[in-house]
Structures are given as C-alpha cells and as structure tokens.
>>> print(open('data.pdb').read())   # PDB, C-alpha atoms
ATOM      1  CA  MET U   1       6.215  77.276  32.698
ATOM      2  CA  ASN U   2       6.662  80.140  30.240
ATOM      3  CA  GLN U   3       8.522  77.817  27.890
ATOM      4  CA  PHE U   4       5.594  75.411  27.881
ATOM      5  CA  ASN U   5       3.007  78.115  27.197
ATOM      6  CA  GLN U   6       5.059  79.416  24.306
ATOM      7  CA  LEU U   7       5.445  75.946  22.807
ATOM      8  CA  TYR U   8       1.755  75.240  23.298
ATOM      9  CA  ASN U   9       0.562  78.437  21.635
ATOM     10  CA  ASN U  10       3.072  78.282  18.789
ATOM     11  CA  ASN U  11       2.573  74.627  17.916
ATOM     12  CA  TYR U  12      -0.978  73.609  18.815
ATOM     13  CA  ARG U  13      -2.459  74.413  15.391
ATOM     14  CA  LEU U  14       0.447  72.829  13.507
ATOM     15  CA  LEU U  15       0.244  69.601  15.494
ATOM     16  CA  LEU U  16      -3.532  69.360  15.243
ATOM     17  CA  ASN U  17      -3.275  69.759  11.477
ATOM     18  CA  VAL U  18      -0.704  66.963  11.300
ATOM     19  CA  ALA U  19      -2.990  64.773  13.423
ATOM     20  CA  LEU U  20      -6.020  65.659  11.274
ATOM     21  CA  LYS U  21      -4.082  64.615   8.170
ATOM     22  CA  MET U  22      -3.129  61.286   9.745
ATOM     23  CA  VAL U  23      -6.191  60.312  11.786
ATOM     24  CA  PRO U  24      -9.719  60.311  10.325
ATOM     25  CA  ASP U  25     -11.529  61.306  13.509
ATOM     26  CA  ARG U  26     -11.338  64.911  14.705
ATOM     27  CA  GLU U  27     -12.021  64.104  18.355
ATOM     28  CA  GLU U  28      -9.267  61.505  18.339
ATOM     29  CA  ALA U  29      -6.890  63.963  16.662
ATOM     30  CA  SER U  30      -7.609  66.564  19.377
ATOM     31  CA  ASP U  31      -7.135  63.933  22.109
ATOM     32  CA  ILE U  32      -3.792  62.915  20.605
ATOM     33  CA  VAL U  33      -2.544  66.512  20.550
ATOM     34  CA  GLN U  34      -3.700  67.086  24.133
ATOM     35  CA  GLU U  35      -1.865  63.924  25.226
ATOM     36  CA  VAL U  36       1.274  65.142  23.471
ATOM     37  CA  PHE U  37       1.177  68.441  25.345
ATOM     38  CA  ILE U  38       0.464  66.730  28.657
ATOM     39  CA  HIS U  39       3.527  64.554  28.014
ATOM     40  CA  LEU U  40       5.563  67.688  27.283
ATOM     41  CA  TYR U  41       4.181  69.471  30.360
ATOM     42  CA  GLU U  42       5.131  66.576  32.634
ATOM     43  CA  LYS U  43       8.601  66.325  31.111
ATOM     44  CA  LEU U  44       9.295  70.025  31.573
ATOM     45  CA  GLU U  45       7.829  69.943  35.078
ATOM     46  CA  ASN U  46      10.276  67.151  35.954
ATOM     47  CA  GLY U  47      13.155  69.290  34.693
ATOM     48  CA  ALA U  48      13.825  67.303  31.497
ATOM     49  CA  ARG U  49      15.629  69.142  28.726
ATOM     50  CA  ILE U  50      14.397  68.751  25.158
ATOM     51  CA  GLU U  51      16.962  69.765  22.583
ATOM     52  CA  TYR U  52      14.646  70.396  19.638
ATOM     53  CA  PRO U  53      11.171  70.874  21.124
ATOM     54  CA  ARG U  54       9.380  71.451  17.801
ATOM     55  CA  SER U  55      10.806  68.273  16.255
ATOM     56  CA  TRP U  56      10.095  66.418  19.506
ATOM     57  CA  LEU U  57       6.450  67.560  19.421
ATOM     58  CA  TYR U  58       6.033  66.466  15.807
ATOM     59  CA  LYS U  59       7.697  63.136  16.496
ATOM     60  CA  VAL U  60       5.509  62.309  19.493
ATOM     61  CA  THR U  61       2.362  63.398  17.616
ATOM     62  CA  VAL U  62       3.244  61.284  14.584
ATOM     63  CA  ASN U  63       4.043  58.241  16.757
ATOM     64  CA  LYS U  64       0.754  58.553  18.644
ATOM     65  CA  CYS U  65      -1.130  58.864  15.355
ATOM     66  CA  ILE U  66       0.623  55.751  14.006
ATOM     67  CA  ASP U  67      -0.336  53.843  17.172
ATOM     68  CA  PHE U  68      -3.933  54.955  16.708
ATOM     69  CA  ILE U  69      -3.969  53.911  13.033
ATOM     70  CA  LYS U  70      -2.593  50.464  13.935
ATOM     71  CA  LYS U  71      -5.385  49.994  16.477
ATOM     72  CA  ARG U  72      -8.036  51.270  14.050
ATOM     73  CA  ARG U  73     -10.581  48.628  13.161
ATOM     74  CA  PRO U  74     -10.672  47.488   9.510
ATOM     75  CA  HIS U  75     -14.296  48.570   8.936
ATOM     76  CA  GLU U  76     -13.287  52.220   9.234
ATOM     77  CA  LYS U  77     -11.253  51.892   6.063
ATOM     78  CA  VAL U  78     -14.217  50.322   4.308
ATOM     79  CA  GLU U  79     -16.445  53.198   5.415
ATOM     80  CA  SER U  80     -14.147  55.720   3.792
ATOM     81  CA  ALA U  81     -14.069  53.632   0.618
ATOM     82  CA  VAL U  82     -17.867  53.463   0.498
ATOM     83  CA  TYR U  83     -17.960  57.222   0.909
ATOM     84  CA  LEU U  84     -15.943  57.664  -2.258
ATOM     85  CA  ARG U  85     -17.971  58.378  -5.342
ATOM     86  CA  SER U  86     -17.676  60.595  -8.366
ATOM     87  CA  ASP U  87     -20.036  62.184 -10.853
ATOM     88  CA  GLU U  88     -19.785  64.149 -14.062
ATOM     89  CA  ASN U  89     -19.088  67.410 -12.239
ATOM     90  CA  GLY U  90     -15.963  66.028 -10.606
ATOM     91  CA  LEU U  91     -15.382  65.621  -6.884
ATOM     92  CA  GLU U  92     -16.835  67.870  -4.200
ATOM     93  CA  ARG U  93     -14.599  69.106  -1.376
ATOM     94  CA  ASP U  94     -15.578  66.390   1.127
ATOM     95  CA  GLU U  95     -15.214  63.769  -1.588
ATOM     96  CA  LYS U  96     -11.798  65.189  -2.433
ATOM     97  CA  GLN U  97     -10.833  64.878   1.232
ATOM     98  CA  ALA U  98     -11.942  61.236   1.234
ATOM     99  CA  VAL U  99      -9.901  60.592  -1.916
ATOM    100  CA  VAL U 100      -6.798  62.217  -0.433
ATOM    101  CA  LYS U 101      -7.162  60.096   2.698
ATOM    102  CA  LEU U 102      -7.491  56.958   0.613
ATOM    103  CA  ALA U 103      -4.457  57.885  -1.483
ATOM    104  CA  LEU U 104      -2.412  58.563   1.676
ATOM    105  CA  ASP U 105      -3.537  55.185   3.045
ATOM    106  CA  LYS U 106      -1.944  53.528   0.020
ATOM    107  CA  LEU U 107       1.491  54.799   1.018
ATOM    108  CA  LYS U 108       3.831  53.099   3.462
ATOM    109  CA  THR U 109       3.697  54.633   6.922
ATOM    110  CA  ASP U 110       7.023  56.485   6.655
ATOM    111  CA  GLU U 111       6.116  57.787   3.184
ATOM    112  CA  ARG U 112       2.748  59.006   4.455
ATOM    113  CA  VAL U 113       4.376  60.778   7.392
ATOM    114  CA  LEU U 114       6.964  62.342   5.107
ATOM    115  CA  ALA U 115       4.322  63.629   2.671
ATOM    116  CA  ILE U 116       2.254  65.102   5.521
ATOM    117  CA  LEU U 117       5.247  66.788   7.138
ATOM    118  CA  TYR U 118       6.263  68.135   3.734
ATOM    119  CA  SER U 119       2.804  69.636   3.269
ATOM    120  CA  GLU U 120       3.263  71.363   6.635
ATOM    121  CA  GLY U 121       6.446  73.011   5.367
ATOM    122  CA  LEU U 122       8.979  71.310   7.639
ATOM    123  CA  SER U 123      12.619  71.561   6.654
ATOM    124  CA  TYR U 124      14.564  68.466   5.546
ATOM    125  CA  LYS U 125      16.435  68.532   8.856
ATOM    126  CA  GLU U 126      13.186  68.504  10.842
ATOM    127  CA  MET U 127      11.696  65.791   8.631
ATOM    128  CA  ALA U 128      14.815  63.671   9.182
ATOM    129  CA  GLU U 129      14.568  64.150  12.951
ATOM    130  CA  VAL U 130      10.879  63.242  13.064
ATOM    131  CA  THR U 131      10.899  60.275  10.683
ATOM    132  CA  GLY U 132      14.331  58.835  11.415
ATOM    133  CA  ILE U 133      15.120  58.862   7.664
ATOM    134  CA  ARG U 134      18.707  59.936   7.005
ATOM    135  CA  PHE U 135      19.002  63.625   6.183
ATOM    136  CA  SER U 136      20.903  62.833   2.981
ATOM    137  CA  SER U 137      18.049  60.569   1.808
ATOM    138  CA  ILE U 138      15.163  62.945   2.404
ATOM    139  CA  GLY U 139      15.254  64.541  -1.076
ATOM    140  CA  LYS U 140      15.314  61.177  -2.836
ATOM    141  CA  THR U 141      12.605  59.592  -0.664
ATOM    142  CA  LEU U 142      10.474  62.701  -0.949
ATOM    143  CA  SER U 143      10.606  62.889  -4.748
ATOM    144  CA  ARG U 144       9.631  59.183  -4.990
ATOM    145  CA  THR U 145       6.846  59.630  -2.435
ATOM    146  CA  LEU U 146       5.393  62.630  -4.267
ATOM    147  CA  ILE U 147       5.337  60.717  -7.558
ATOM    148  CA  LYS U 148       3.698  57.720  -5.858
ATOM    149  CA  LEU U 149       1.075  59.864  -4.134
ATOM    150  CA  GLY U 150       0.403  61.773  -7.360
ATOM    151  CA  ASP U 151      -0.182  58.460  -9.170
ATOM    152  CA  GLU U 152      -2.523  57.205  -6.437
ATOM    153  CA  LEU U 153      -4.523  60.438  -6.603
ATOM    154  CA  LYS U 154      -4.812  60.187 -10.372
ATOM    155  CA  LYS U 155      -5.994  56.563 -10.079
ATOM    156  CA  LEU U 156      -8.772  57.808  -7.778
ATOM    157  CA  GLN U 157      -9.830  60.379 -10.399
ATOM    158  CA  TYR U 158      -8.440  63.314  -8.420
ATOM    159  CA  ASP U 159      -7.751  66.247 -10.693
ATOM    160  CA  LEU U 160      -4.248  67.271  -9.641
ATOM    161  CA  TYR U 161      -3.675  70.131 -12.085
TER     162      TYR U 161
ATOM    163  CA  MET L   1      27.548  69.496 -15.862
ATOM    164  CA  THR L   2      25.801  66.163 -16.409
ATOM    165  CA  CYS L   3      22.024  65.984 -16.126
ATOM    166  CA  ILE L   4      20.559  66.579 -12.685
ATOM    167  CA  ASN L   5      19.174  63.670 -10.678
ATOM    168  CA  GLU L   6      15.727  63.820  -9.068
ATOM    169  CA  GLN L   7      17.125  64.090  -5.570
ATOM    170  CA  LEU L   8      19.025  67.272  -6.330
ATOM    171  CA  LEU L   9      16.101  68.705  -8.287
ATOM    172  CA  GLN L  10      13.806  68.078  -5.337
ATOM    173  CA  GLN L  11      16.293  69.741  -2.987
ATOM    174  CA  TYR L  12      16.465  72.722  -5.337
ATOM    175  CA  ILE L  13      12.666  72.997  -5.495
ATOM    176  CA  ASP L  14      12.499  72.939  -1.688
ATOM    177  CA  GLY L  15      15.342  75.422  -1.192
ATOM    178  CA  GLU L  16      17.536  72.760   0.409
ATOM    179  CA  CYS L  17      20.584  73.161  -1.870
ATOM    180  CA  THR L  18      23.722  75.053  -0.995
ATOM    181  CA  VAL L  19      24.222  78.381  -2.765
ATOM    182  CA  ALA L  20      26.948  76.861  -4.932
ATOM    183  CA  GLU L  21      24.770  73.879  -5.909
ATOM    184  CA  ALA L  22      21.841  76.129  -6.736
ATOM    185  CA  LYS L  23      23.987  78.370  -8.959
ATOM    186  CA  GLN L  24      25.408  75.406 -10.869
ATOM    187  CA  LEU L  25      21.985  73.858 -11.228
ATOM    188  CA  GLU L  26      20.386  77.045 -12.557
ATOM    189  CA  GLN L  27      23.070  77.306 -15.226
ATOM    190  CA  HIS L  28      22.389  73.725 -16.263
ATOM    191  CA  LEU L  29      18.623  74.255 -16.384
ATOM    192  CA  LEU L  30      19.126  77.150 -18.811
ATOM    193  CA  ALA L  31      21.156  74.928 -21.118
ATOM    194  CA  CYS L  32      19.250  71.619 -20.819
ATOM    195  CA  PRO L  33      15.581  71.525 -21.964
ATOM    196  CA  SER L  34      15.172  67.958 -20.699
ATOM    197  CA  CYS L  35      16.164  68.861 -17.108
ATOM    198  CA  ALA L  36      14.215  72.124 -17.329
ATOM    199  CA  SER L  37      11.098  70.171 -18.284
ATOM    200  CA  LYS L  38      11.666  67.628 -15.501
ATOM    201  CA  HIS L  39      12.167  70.471 -13.032
ATOM    202  CA  ALA L  40       8.896  72.127 -14.103
ATOM    203  CA  GLN L  41       6.989  68.844 -13.769
ATOM    204  CA  MET L  42       8.404  68.059 -10.343
ATOM    205  CA  LYS L  43       7.706  71.574  -9.099
ATOM    206  CA  GLN L  44       4.118  71.380 -10.335
ATOM    207  CA  LEU L  45       3.628  67.945  -8.748
ATOM    208  CA  ALA L  46       5.049  69.082  -5.405
ATOM    209  CA  GLY L  47       2.703  72.079  -5.319
ATOM    210  CA  ALA L  48      -0.341  70.041  -6.361
ATOM    211  CA  VAL L  49       0.296  67.270  -3.827
ATOM    212  CA  LYS L  50       0.829  69.787  -1.024
ATOM    213  CA  GLN L  51      -2.431  71.470  -1.976
ATOM    214  CA  ALA L  52      -4.255  68.123  -2.023
ATOM    215  CA  ILE L  53      -2.992  67.115   1.438
ATOM    216  CA  ASP L  54      -3.827  70.558   2.766
ATOM    217  CA  LEU L  55      -7.503  69.833   2.031
ATOM    218  CA  LEU L  56      -7.392  67.786   5.232
ATOM    219  CA  LYS L  57      -6.236  70.672   7.386
ATOM    220  CA  ASP L  58      -8.419  73.064   9.313
ATOM    221  CA  ASP L  59      -7.660  76.772   8.983
ATOM    222  CA  ARG L  60     -10.031  77.799  11.774
ATOM    223  CA  ILE L  61      -8.535  75.961  14.729
ATOM    224  CA  GLU L  62      -9.030  77.705  18.044
ATOM    225  CA  ILE L  63      -6.423  76.934  20.655
ATOM    226  CA  PRO L  64      -8.154  75.594  23.780
ATOM    227  CA  ALA L  65      -6.875  76.460  27.255
ATOM    228  CA  PHE L  66      -4.395  73.808  28.335
ATOM    229  CA  LYS L  67      -5.550  71.549  31.156
ATOM    230  CA  PRO L  68      -2.993  69.429  32.983
ATOM    231  CA  ALA L  69      -3.739  65.687  33.270
ATOM    232  CA  LYS L  70      -5.857  65.837  36.446
ATOM    233  CA  GLN L  71      -8.309  68.402  35.045
ATOM    234  CA  ARG L  72      -8.647  67.332  31.455
ATOM    235  CA  PRO L  73     -11.824  65.745  30.084
ATOM    236  CA  LEU L  74     -11.853  62.008  29.442
ATOM    237  CA  ASN L  75     -10.959  60.904  25.971
ATOM    238  CA  SER L  76     -13.052  58.287  24.208
ATOM    239  CA  THR L  77     -10.798  55.332  25.163
ATOM    240  CA  ARG L  78     -10.823  56.287  28.838
ATOM    241  CA  LYS L  79     -14.584  56.820  28.707
ATOM    242  CA  LEU L  80     -15.020  53.337  27.236
ATOM    243  CA  ILE L  81     -12.866  51.738  29.964
ATOM    244  CA  ILE L  82     -14.674  53.571  32.764
ATOM    245  CA  TYR L  83     -18.139  52.758  31.403
ATOM    246  CA  SER L  84     -17.180  49.088  30.940
ATOM    247  CA  LEU L  85     -15.846  48.828  34.491
ATOM    248  CA  THR L  86     -18.967  50.503  35.873
ATOM    249  CA  ALA L  87     -21.232  48.100  33.970
ATOM    250  CA  ALA L  88     -19.173  45.108  35.157
ATOM    251  CA  SER L  89     -19.345  46.317  38.783
ATOM    252  CA  ILE L  90     -23.134  46.674  38.633
ATOM    253  CA  LEU L  91     -23.452  43.186  37.148
ATOM    254  CA  LEU L  92     -21.237  41.684  39.857
ATOM    255  CA  PHE L  93     -23.259  43.475  42.536
ATOM    256  CA  VAL L  94     -26.498  42.013  41.150
ATOM    257  CA  LEU L  95     -25.070  38.503  40.814
ATOM    258  CA  PHE L  96     -23.362  38.207  44.173
ATOM    259  CA  PHE L  97     -25.147  40.561  46.508
ATOM    260  CA  VAL L  98     -28.781  40.790  45.362
ATOM    261  CA  ASP L  99     -29.039  37.047  44.535
ATOM    262  CA  LYS L 100     -27.469  36.041  47.867
ATOM    263  CA  LYS L 101     -29.844  38.317  49.737
ATOM    264  CA  VAL L 102     -32.833  36.565  48.176
ATOM    265  CA  GLN L 103     -31.454  33.111  48.999
ATOM    266  CA  ASP L 104     -30.758  34.032  52.595
ATOM    267  CA  HIS L 105     -34.319  35.152  53.218
ATOM    268  CA  PRO L 106     -35.753  32.443  55.520
ATOM    269  CA  ASN L 107     -39.434  33.271  54.895
ATOM    270  CA  GLN L 108     -39.280  32.965  51.150
ATOM    271  CA  MET L 109     -40.903  29.883  49.585
ATOM    272  CA  VAL L 110     -40.959  28.644  46.041
ATOM    273  CA  VAL L 111     -43.915  26.484  45.054
ATOM    274  CA  VAL L 112     -43.766  24.302  41.959
ATOM    275  CA  LYS L 113     -46.845  22.455  40.772
ATOM    276  CA  SER L 114     -46.186  19.589  38.371
ATOM    277  CA  VAL L 115     -48.609  17.395  36.469
ATOM    278  CA  PRO L 116     -47.523  13.796  35.668
ATOM    279  CA  ALA L 117     -46.607  13.106  32.101
ATOM    280  CA  GLU L 118     -49.374  10.523  31.712
ATOM    281  CA  ILE L 119     -52.727  12.211  32.092
ATOM    282  CA  ASP L 120     -55.816  10.085  32.512
ATOM    283  CA  ALA L 121     -58.050  11.332  29.737
ATOM    284  CA  ASN L 122     -61.156   9.827  31.381
ATOM    285  CA  LYS L 123     -60.848  12.123  34.407
ATOM    286  CA  THR L 124     -61.709  15.813  34.650
ATOM    287  CA  ALA L 125     -58.937  18.361  35.342
ATOM    288  CA  SER L 126     -59.916  18.589  39.015
ATOM    289  CA  GLU L 127     -59.626  14.769  39.357
ATOM    290  CA  GLN L 128     -56.080  14.559  37.922
ATOM    291  CA  GLU L 129     -53.138  13.661  40.202
ATOM    292  CA  PHE L 130     -50.383  16.210  40.607
ATOM    293  CA  VAL L 131     -47.451  17.022  42.856
ATOM    294  CA  ILE L 132     -46.749  20.243  44.715
ATOM    295  CA  GLU L 133     -43.069  20.855  45.511
ATOM    296  CA  VAL L 134     -42.188  23.492  48.096
ATOM    297  CA  PHE L 135     -38.672  24.969  48.415
ATOM    298  CA  ASP L 136     -37.951  27.199  51.381
ATOM    299  CA  GLY L 137     -35.217  29.820  51.695
ATOM    300  CA  ARG L 138     -32.834  27.335  53.400
ATOM    301  CA  GLY L 139     -32.845  24.954  50.467
ATOM    302  CA  ASN L 140     -35.254  22.341  52.049
ATOM    303  CA  ASN L 141     -37.586  20.586  49.638
ATOM    304  CA  SER L 142     -41.024  19.051  50.464
ATOM    305  CA  GLU L 143     -43.303  17.199  48.042
ATOM    306  CA  TYR L 144     -47.110  16.907  48.416
ATOM    307  CA  PHE L 145     -48.985  14.434  46.218
ATOM    308  CA  MET L 146     -52.525  15.614  45.461
ATOM    309  CA  GLU L 147     -55.355  13.433  44.190
TER     310      GLU L 147
END
>>> encode(input="data.pdb", output="structure tokens")
Amino acid sequence: MNQFNQLYNNNYRLLLNVALKMVPDREEASDIVQEVFIHLYEKLENGARIEYPRSWLYKVTVNKCIDFIKKRRPHEKVESAVYLRSDENGLERDEKQAVVKLALDKLKTDERVLAILYSEGLSYKEMAEVTGIRFSSIGKTLSRTLIKLGDELKKLQYDLY
Amino acid sequence: MTCINEQLLQQYIDGECTVAEAKQLEQHLLACPSCASKHAQMKQLAGAVKQAIDLLKDDRIEIPAFKPAKQRPLNSTRKLIIYSLTAASILLFVLFFVDKKVQDHPNQMVVVKSVPAEIDANKTASEQEFVIEVFDGRGNNSEYFME
C-alpha cells in the first residue's frame, strides 16, 4: 500500500482545506476527509485502478461536502448570519471568515466549488475533471464566478483591496 | 488583433494560454489601454478573491495516522445512530420485560380506595361509606364496601 500512503501524505492537507472551505464544522470536515481516504484505501485494496488519483480525491471530497451541505439544517445558516457584524474598525479575522462563508453560500454549488478549487491552485484540467464543467468553459465560468463572488463580498462590507 | 474577451484574459492570468496565444495577447495589451486596464482589474480581483477564500484554510494541519474502517473512531452521525439505538433498546427492555415481570408476580396486590361522589355532610369522615378495590397480580378484582 505504498501508493496509498503516498497519496494520503501528499493530499491530506489539501483535501482538508477544501473541506474546511466548503463545510462550516471542522469535525465534520475531518470526518469527510477520513471517509474519502477509507474509500480510496478500500478501492486500492480491491485492486481498482484510478487514472487520476488527485482529481479523484478532490471529486469525492467535494461530492461528500455537497451531500453534507444539502443535509445541513437551515438554522445553521441563520447562526452564521447572526454572527456577522461590523464596526468602525472593519472586520476582525473571524468575522471576515464568516463573511467569506456567507458570500460563498450565495453562489451556485458548481460556482462555489470552482472558486474553492481555484483558491487551492488546481489547474483548469483538474477543475474540469472535478466539477464536470467542460475544459473549454472553465476560463469563462471562472471569470464570471470571481466577479460574482467579489460583488457578494463587497455587499457584505468585505474590504477586497 | 481585436480586443481580448474575459475568458482569454482569465486564461492568461492563470497561465492557461498556449505560448502563441500569450505572445499575441501581450502585444495587444501593450497597444490597448482598455484591455490593459481590464487585465489589471481581473488580475487584482483574482488575487483578492483567492486571498479571501484562503482565510478559511488552516495552515497548521497535522496529518493524523490513517486508520482503516474497522479501527477508526465514530463520526458524529454514527455516534448519533448508535446512541439512539441504545436508548430505544433500553426503552423497549423497560416496556416489555420489566413491566411484564411486575404483572406476572402473583403476590403483588394493588389496593384502590374510593369515596363516593356524594358525601353525607352530616357524618364524620370515619362514618362515610367508601369502597376498597383490590387487584391481584393475575388481574382478578374484588370490591369491599365499607360503612
């Protein structure tokens, strides 16, 4: 299982960061990443061949996060909205995090995933593989998504520049 | 070259253009202030948005030792299911086993004393009529009228 250990050590941090950007709860994010690696472990143990393991890992993580978000109870969104407040000195770091989460929540699911993967530095090819968006459309979708997210952040008084 | 669309500009910013495209685009940016301004804005936005999203990441993640499925700790959903099933099992045990055990006990008696609705106000409490009902463990019922 050398291949597994290598994939685990090289990708654990990246996947947990993607999960942390998508799911509000750290424990849940860690559970999701563990489940992803257990899935991978079982697949490799059964002799399955994964063509692009990194993209596969991102895809499974993103799908599990989306499932979690769909199951999330509505009051959790309200809690994050209540948490949001601003004062004359601007937003503190935890307030900024809450604002970013709220702004991401305003995007469509595929836009949110695309923005998060972009922030993680994935290539267009990898983003296309994970999201299912056509490779030729990534640039266009991405530029629109960035403008939309920038506008949402500005609406929430986030100082972008 | 005509002005550059946003898709191609984004690709250029992200290093996703071919060498030929990038060369052509750079020449156009030198000659077209409008596209050069758009390029600068988009580049700034991309950097700022990335930075904003990165506020949600954790730079101090420690990689835990991997535990295959049989050894791993329970996640919150599994914990909830297991605790619910345990609580339900205890409740069922109390309802069906403990209750039945009490009913089956032949020596147990339940005594109910009831006072008639109409009380004779001219009599003292010790002179009032009342009924004593006795239920035994087998479900038999006996009534004793006391005067």
>>> interface_residues(input="data.pdb", of="chain U", to="chain L", cutoff="7 Å", atoms="all atoms listed in the file", output="MDAnalysis selection string")
chainID U and resid 12:13 17 20:21 31 38 97 100 116 119 139:140 143 146 150 160:161
>>> resolve_selection(input="data.pdb", expression="the PyMOL selection byres ((chain U and resi 3) around 12)", output="list in words")
Met1, Asn2, Phe4, Asn5, Gln6, Leu7, Tyr8, Asn9, Asn10, Leu40, Tyr41, Lys43, Leu44, Glu45, Gly47, Arg49, Ile50, Pro53 and Arg54 of chain U
>>> resolve_selection(input="data.pdb", expression="the PyMOL selection byres ((chain L and resi 135) around 6)", output="PyMOL selection string")
chain L and resi 109-110+134+136+140-141
>>> atom_distance(input="data.pdb", atom1="CA of Leu149 (chain U)", atom2="CA of Leu107 (chain U)")
7.2 Å
>>> atom_distance(input="data.pdb", atom1="CA of Leu85 (chain L)", atom2="CA of Ile66 (chain U)")
27.2 Å
>>> atom_distance(input="data.pdb", atom1="CA of Lys43 (chain L)", atom2="CA of Leu142 (chain U)")
12.4 Å
>>> residues_around(input="data.pdb", residues="region 59-63 of chain U", least_positions_apart="3", cutoff="7 Å", atoms="only C-alpha atoms", output="list in words")
Leu15, Ala19, Ile32, Val33, Val36, Ser55, Trp56, Ile66, Asp67 and Val130 of chain U
>>> closest_residue(input="data.pdb", among="L:Ile4, L:Val112, L:Val19, L:Ile82", to="Ala36 (chain L)", atoms="only C-alpha atoms")
L:Ile4
>>> closest_residue(input="data.pdb", among="U:Lys148, U:His39, U:Lys154, U:Lys125", to="Glu111 (chain U)", atoms="only C-alpha atoms")
U:Lys148
>>> axis_aligned_box(input="data.pdb", around="region 83-86 of chain L", padding_each_side="6 Å", output="JSON")
{"center_x": -17.4, "center_y": 50.8, "center_z": 33.4, "size_x": 15.1, "size_y": 15.9, "size_z": 16.9}
>>> residues_around(input="data.pdb", residues="Tyr52 (chain U)", least_positions_apart="4", cutoff="10 Å", atoms="all atoms listed in the file", output="NGL selection string")
:U and (56-57 or 126 or 129)
>>> decode(input="data.pdb", residues="region 97-154 of chain U", atoms="C-alpha atoms", output="PDB file, in the first residue's frame")
ATOM      1  CA  GLN U  97     -14.217  34.242   7.734  1.00  0.00           C
ATOM      2  CA  ALA U  98     -17.951  34.397   8.460  1.00  0.00           C
ATOM      3  CA  VAL U  99     -18.407  36.949   5.670  1.00  0.00           C
ATOM      4  CA  VAL U 100     -16.474  34.818   3.183  1.00  0.00           C
ATOM      5  CA  LYS U 101     -18.602  31.802   4.086  1.00  0.00           C
ATOM      6  CA  LEU U 102     -21.770  33.812   3.605  1.00  0.00           C
ATOM      7  CA  ALA U 103     -20.558  35.149   0.258  1.00  0.00           C
ATOM      8  CA  LEU U 104     -19.662  31.616  -0.894  1.00  0.00           C
ATOM      9  CA  ASP U 105     -23.127  30.455   0.201  1.00  0.00           C
ATOM     10  CA  LYS U 106     -24.635  32.962  -2.222  1.00  0.00           C
ATOM     11  CA  LEU U 107     -23.024  31.212  -5.180  1.00  0.00           C
ATOM     12  CA  LYS U 108     -24.469  28.232  -7.015  1.00  0.00           C
ATOM     13  CA  THR U 109     -22.935  24.950  -5.909  1.00  0.00           C
ATOM     14  CA  ASP U 110     -20.764  24.472  -9.010  1.00  0.00           C
ATOM     15  CA  GLU U 111     -19.579  28.096  -8.845  1.00  0.00           C
ATOM     16  CA  ARG U 112     -18.693  27.701  -5.169  1.00  0.00           C
ATOM     17  CA  VAL U 113     -16.750  24.514  -5.869  1.00  0.00           C
ATOM     18  CA  LEU U 114     -14.951  26.161  -8.770  1.00  0.00           C
ATOM     19  CA  ALA U 115     -13.948  29.194  -6.680  1.00  0.00           C
ATOM     20  CA  ILE U 116     -12.670  26.965  -3.858  1.00  0.00           C
ATOM     21  CA  LEU U 117     -10.685  24.731  -6.200  1.00  0.00           C
ATOM     22  CA  TYR U 118      -9.265  27.833  -7.872  1.00  0.00           C
ATOM     23  CA  SER U 119      -8.117  29.154  -4.500  1.00  0.00           C
ATOM     24  CA  GLU U 120      -6.333  25.828  -3.970  1.00  0.00           C
ATOM     25  CA  GLY U 121      -4.385  26.349  -7.194  1.00  0.00           C
ATOM     26  CA  LEU U 122      -5.812  23.489  -9.256  1.00  0.00           C
ATOM     27  CA  SER U 123      -5.207  23.585 -12.986  1.00  0.00           C
ATOM     28  CA  TYR U 124      -8.100  24.104 -15.425  1.00  0.00           C
ATOM     29  CA  LYS U 125      -7.829  20.447 -16.431  1.00  0.00           C
ATOM     30  CA  GLU U 126      -8.168  19.293 -12.818  1.00  0.00           C
ATOM     31  CA  MET U 127     -11.028  21.715 -12.167  1.00  0.00           C
ATOM     32  CA  ALA U 128     -12.825  20.373 -15.248  1.00  0.00           C
ATOM     33  CA  GLU U 129     -12.350  16.787 -14.059  1.00  0.00           C
ATOM     34  CA  VAL U 130     -13.619  17.530 -10.554  1.00  0.00           C
ATOM     35  CA  THR U 131     -16.584  19.749 -11.428  1.00  0.00           C
ATOM     36  CA  GLY U 132     -17.672  18.178 -14.704  1.00  0.00           C
ATOM     37  CA  ILE U 133     -17.589  21.632 -16.364  1.00  0.00           C
ATOM     38  CA  ARG U 134     -16.168  21.447 -19.886  1.00  0.00           C
ATOM     39  CA  PHE U 135     -12.474  22.284 -20.019  1.00  0.00           C
ATOM     40  CA  SER U 136     -13.092  24.916 -22.700  1.00  0.00           C
ATOM     41  CA  SER U 137     -15.635  26.668 -20.439  1.00  0.00           C
ATOM     42  CA  ILE U 138     -13.554  26.848 -17.283  1.00  0.00           C
ATOM     43  CA  GLY U 139     -11.977  30.251 -18.055  1.00  0.00           C
ATOM     44  CA  LYS U 140     -15.329  31.847 -18.854  1.00  0.00           C
ATOM     45  CA  THR U 141     -17.162  30.336 -15.866  1.00  0.00           C
ATOM     46  CA  LEU U 142     -14.282  31.214 -13.581  1.00  0.00           C
ATOM     47  CA  SER U 143     -14.105  34.876 -14.603  1.00  0.00           C
ATOM     48  CA  ARG U 144     -17.890  35.233 -14.071  1.00  0.00           C
ATOM     49  CA  THR U 145     -17.706  33.430 -10.725  1.00  0.00           C
ATOM     50  CA  LEU U 146     -14.876  35.644  -9.476  1.00  0.00           C
ATOM     51  CA  ILE U 147     -16.806  38.795 -10.394  1.00  0.00           C
ATOM     52  CA  LYS U 148     -19.940  37.447  -8.687  1.00  0.00           C
ATOM     53  CA  LEU U 149     -18.057  36.463  -5.535  1.00  0.00           C
ATOM     54  CA  GLY U 150     -16.243  39.811  -5.480  1.00  0.00           C
ATOM     55  CA  ASP U 151     -19.609  41.609  -5.664  1.00  0.00           C
ATOM     56  CA  GLU U 152     -21.074  39.477  -2.865  1.00  0.00           C
ATOM     57  CA  LEU U 153     -18.055  40.211  -0.666  1.00  0.00           C
ATOM     58  CA  LYS U 154     -18.357  43.932  -1.316  1.00  0.00           C
TER      59      LYS U 154
END
